[in-house]
Amino acid sequence: MLPADDYSGATDFVPGEAECLVFGREGMGAGVYDDIEKVIASANKMVTNFGMAPTLPPVAISCTNASEMLAAKADSDVLLLIQEAEITAKILVEKYKIPLLTVTMGLLID
């Protein structure tokens with residue numbers, strides 16, 4: 001179990017990063033792509049529905065009331081959140097690499 005302070009919105013990326021570590025990019029399964037879709041949907045909701053955009057004021061943004069400039073800034077903030085989550089996931093997988101590989105090898109051997 002990861003310590004509570006290690007969670008930062010990156011938990012959907014962790015399985016994919018772990019799978020990449022063990023099997024390489026070419027060995028990743030379809031579940032990784034589902035994880036990425038979840039991260040995108042979550043970041044989009046954080047920015048547009050909950051006003052959690054890093055560079056915008058805390059307001060909800062709908063597709064119908066957003067100017068092109070505001071929509072572009074929201075898209076930029078969604079991308080920023082996704083990039084931060086990916087970096088955090090990579091750090092977490094690296095931090096817990098030895099236990100992860102130990103458990104993986106135990107499962108693959110059985």
# chains A, B, ... in the order shown; residues from 1 in each chain; ligands from 1
call {"tool": "residues_around", "arguments": {"residues": "Leu79 in chain A", "least_positions_apart": "6", "cutoff": "10 Å", "atoms": "only C-alpha atoms", "output": "list in words"}}
result
Ile40, Ala43, Asn44, Lys73 and Ala85 of chain A
call {"tool": "residues_around", "arguments": {"residues": "Glu17 in chain A", "least_positions_apart": "6", "cutoff": "8 Å", "atoms": "only C-alpha atoms", "output": "list in words"}}
result
Ala89, Lys90 and Val93 of chain A
call {"tool": "closest_residue", "arguments": {"among": "A:Ile82, A:Val22, A:Ile109, A:Ala72", "to": "Lys97 in chain A", "atoms": "only C-alpha atoms"}}
result
A:Val22
call {"tool": "select_by_dssp", "arguments": {"residues": "range 11-85 of chain A", "states": "helix (DSSP H, G or I)", "output": "ChimeraX atom specification"}}
result
/A:14-23,25-27,30-48,68-85
call {"tool": "closest_residue", "arguments": {"among": "A:Leu107, A:Leu101, A:Met69, A:Ala74", "to": "Pro57 in chain A", "atoms": "only C-alpha atoms"}}
result
A:Ala74
call {"tool": "closest_residue", "arguments": {"among": "A:Leu108, A:Ser67, A:Met28, A:Ile61", "to": "Gly16 in chain A", "atoms": "only C-alpha atoms"}}
result
A:Met28
call {"tool": "atom_distance", "arguments": {"atom1": "CA of Ala18 in chain A", "atom2": "CA of Val39 in chain A"}}
result
15.6 Å
call {"tool": "residues_around", "arguments": {"residues": "Gly51 in chain A", "least_positions_apart": "3", "cutoff": "12 Å", "atoms": "only C-alpha atoms", "output": "number ranges by chain"}}
result
A: 43-48, 54-62, 74, 77-78
call {"tool": "write_last_selection", "arguments": {"atoms": "all heavy atoms", "output": "compact mmCIF listing (two decimals), in the first residue's frame"}}
result
# COMPACT_ATOMS: atom_id res chain seq x y z
N ALA A 43 -8.91 14.49 -15.25
CA ALA A 43 -8.29 15.81 -15.35
C ALA A 43 -9.26 16.80 -15.99
O ALA A 43 -9.36 17.96 -15.56
CB ALA A 43 -6.99 15.74 -16.15
N ASN A 44 -9.99 16.35 -16.99
CA ASN A 44 -10.96 17.22 -17.66
C ASN A 44 -12.06 17.65 -16.68
O ASN A 44 -12.43 18.83 -16.62
CB ASN A 44 -11.56 16.51 -18.87
CG ASN A 44 -12.33 17.46 -19.75
OD1 ASN A 44 -11.89 18.58 -20.01
ND2 ASN A 44 -13.49 17.04 -20.19
N LYS A 45 -12.56 16.72 -15.88
CA LYS A 45 -13.59 17.06 -14.88
C LYS A 45 -13.02 18.01 -13.82
O LYS A 45 -13.71 18.92 -13.38
CB LYS A 45 -14.12 15.79 -14.22
CG LYS A 45 -15.07 15.01 -15.07
CD LYS A 45 -15.58 13.79 -14.33
CE LYS A 45 -16.45 12.95 -15.23
NZ LYS A 45 -16.88 11.71 -14.58
N MET A 46 -11.79 17.76 -13.40
CA MET A 46 -11.17 18.62 -12.39
C MET A 46 -11.14 20.07 -12.88
O MET A 46 -11.44 20.99 -12.12
CB MET A 46 -9.74 18.15 -12.08
CG MET A 46 -9.68 16.88 -11.28
SD MET A 46 -8.00 16.21 -11.15
CE MET A 46 -7.21 17.46 -10.16
N VAL A 47 -10.80 20.27 -14.15
CA VAL A 47 -10.67 21.61 -14.70
C VAL A 47 -12.03 22.22 -15.03
O VAL A 47 -12.34 23.34 -14.63
CB VAL A 47 -9.76 21.61 -15.95
CG1 VAL A 47 -9.81 22.94 -16.68
CG2 VAL A 47 -8.33 21.28 -15.56
N THR A 48 -12.87 21.47 -15.76
CA THR A 48 -14.11 22.07 -16.28
C THR A 48 -15.27 22.04 -15.29
O THR A 48 -16.07 22.97 -15.25
CB THR A 48 -14.55 21.37 -17.58
OG1 THR A 48 -14.76 19.98 -17.33
CG2 THR A 48 -13.52 21.56 -18.67
N PRO A 54 -5.03 24.72 -12.65
CA PRO A 54 -3.87 25.35 -12.04
C PRO A 54 -3.69 26.83 -12.38
O PRO A 54 -3.19 27.59 -11.57
CB PRO A 54 -2.68 24.54 -12.58
CG PRO A 54 -3.25 23.26 -13.04
CD PRO A 54 -4.66 23.54 -13.45
N THR A 55 -4.13 27.26 -13.57
CA THR A 55 -3.88 28.65 -13.98
C THR A 55 -5.14 29.47 -14.18
O THR A 55 -5.05 30.65 -14.50
CB THR A 55 -3.07 28.69 -15.30
OG1 THR A 55 -3.85 28.13 -16.35
CG2 THR A 55 -1.75 27.95 -15.16
N LEU A 56 -6.30 28.89 -13.98
CA LEU A 56 -7.56 29.61 -14.15
C LEU A 56 -8.21 29.83 -12.78
O LEU A 56 -7.95 29.09 -11.84
CB LEU A 56 -8.51 28.82 -15.05
CG LEU A 56 -8.09 28.64 -16.50
CD1 LEU A 56 -9.03 27.68 -17.22
CD2 LEU A 56 -8.06 29.98 -17.22
N PRO A 57 -9.08 30.83 -12.70
CA PRO A 57 -9.80 31.02 -11.44
C PRO A 57 -10.72 29.84 -11.17
O PRO A 57 -11.09 29.10 -12.09
CB PRO A 57 -10.60 32.31 -11.67
CG PRO A 57 -10.63 32.50 -13.14
CD PRO A 57 -9.44 31.82 -13.71
N PRO A 58 -11.11 29.61 -9.92
CA PRO A 58 -11.93 28.44 -9.58
C PRO A 58 -13.39 28.60 -10.04
O PRO A 58 -14.27 28.97 -9.27
CB PRO A 58 -11.83 28.37 -8.06
CG PRO A 58 -11.54 29.77 -7.64
CD PRO A 58 -10.74 30.37 -8.75
N VAL A 59 -13.61 28.35 -11.32
CA VAL A 59 -14.96 28.40 -11.89
C VAL A 59 -15.19 27.16 -12.74
O VAL A 59 -14.24 26.57 -13.26
CB VAL A 59 -15.18 29.66 -12.77
CG1 VAL A 59 -15.08 30.92 -11.95
CG2 VAL A 59 -14.19 29.70 -13.93
N ALA A 60 -16.45 26.78 -12.87
CA ALA A 60 -16.81 25.68 -13.76
C ALA A 60 -16.87 26.22 -15.18
O ALA A 60 -17.34 27.33 -15.42
CB ALA A 60 -18.14 25.08 -13.35
N ILE A 61 -16.38 25.43 -16.13
CA ILE A 61 -16.35 25.84 -17.53
C ILE A 61 -17.13 24.82 -18.33
O ILE A 61 -16.81 23.64 -18.33
CB ILE A 61 -14.89 25.88 -18.05
CG1 ILE A 61 -14.04 26.79 -17.19
CG2 ILE A 61 -14.86 26.30 -19.51
CD1 ILE A 61 -12.55 26.62 -17.40
N SER A 62 -18.17 25.28 -19.01
CA SER A 62 -18.92 24.35 -19.86
C SER A 62 -18.57 24.62 -21.31
O SER A 62 -18.10 25.70 -21.66
CB SER A 62 -20.43 24.50 -19.64
OG SER A 62 -20.88 25.71 -20.20
N ALA A 74 -8.22 26.04 -20.65
CA ALA A 74 -8.68 24.85 -19.93
C ALA A 74 -8.00 23.60 -20.48
O ALA A 74 -7.55 22.74 -19.71
CB ALA A 74 -10.20 24.73 -20.03
N ASP A 77 -4.55 23.46 -19.17
CA ASP A 77 -4.53 23.03 -17.77
C ASP A 77 -4.78 21.54 -17.63
O ASP A 77 -4.18 20.88 -16.77
CB ASP A 77 -5.54 23.82 -16.95
CG ASP A 77 -5.01 25.18 -16.52
OD1 ASP A 77 -3.82 25.46 -16.77
OD2 ASP A 77 -5.78 25.95 -15.91
N VAL A 78 -5.66 20.98 -18.46
CA VAL A 78 -5.90 19.53 -18.45
C VAL A 78 -4.59 18.82 -18.79
O VAL A 78 -4.19 17.87 -18.11
CB VAL A 78 -7.03 19.15 -19.44
CG1 VAL A 78 -7.07 17.63 -19.66
CG2 VAL A 78 -8.38 19.65 -18.93
call {"tool": "residues_around", "arguments": {"residues": "Gly31 in chain A", "least_positions_apart": "5", "cutoff": "10 Å", "atoms": "only C-alpha atoms", "output": "CSV table (one decimal) with all heavy atoms, in the first residue's frame"}}
result
chain,number,residue,atom,x,y,z
A,15,PRO,N,-0.6,1.7,-12.6
A,15,PRO,CA,-0.6,0.4,-13.2
A,15,PRO,C,0.1,0.4,-14.5
A,15,PRO,O,0.9,-0.6,-14.8
A,15,PRO,CB,-2.1,0.0,-13.3
A,15,PRO,CG,-2.7,0.9,-12.2
A,15,PRO,CD,-1.9,2.2,-12.2
A,16,GLY,N,-0.1,1.4,-15.4
A,16,GLY,CA,0.5,1.4,-16.7
A,16,GLY,C,2.0,1.6,-16.6
A,16,GLY,O,2.8,0.9,-17.3
A,19,GLU,N,3.4,-1.7,-15.4
A,19,GLU,CA,3.4,-2.7,-16.5
A,19,GLU,C,4.5,-2.4,-17.5
A,19,GLU,O,5.2,-3.4,-18.0
A,19,GLU,CB,2.0,-2.7,-17.2
A,19,GLU,CG,1.8,-3.9,-18.1
A,19,GLU,CD,0.4,-3.9,-18.6
A,19,GLU,OE1,-0.5,-3.4,-18.0
A,19,GLU,OE2,0.2,-4.6,-19.7
A,36,ILE,N,-5.2,5.4,-19.2
A,36,ILE,CA,-4.9,6.8,-19.7
A,36,ILE,C,-6.2,7.5,-20.0
A,36,ILE,O,-6.4,8.7,-19.7
A,36,ILE,CB,-4.1,6.7,-21.0
A,36,ILE,CG1,-2.7,6.1,-20.6
A,36,ILE,CG2,-4.0,8.0,-21.7
A,36,ILE,CD1,-1.8,5.8,-21.8
A,37,GLU,N,-7.2,6.8,-20.5
A,37,GLU,CA,-8.5,7.5,-20.8
A,37,GLU,C,-9.2,7.9,-19.5
A,37,GLU,O,-9.8,9.0,-19.4
A,37,GLU,CB,-9.5,6.5,-21.5
A,37,GLU,CG,-9.1,6.3,-22.9
A,37,GLU,CD,-10.0,5.3,-23.6
A,37,GLU,OE1,-11.1,4.8,-23.0
A,37,GLU,OE2,-9.8,5.0,-24.8
call {"tool": "atom_distance", "arguments": {"atom1": "CA of Ala30 in chain A", "atom2": "CA of Glu86 in chain A"}}
result
17.6 Å
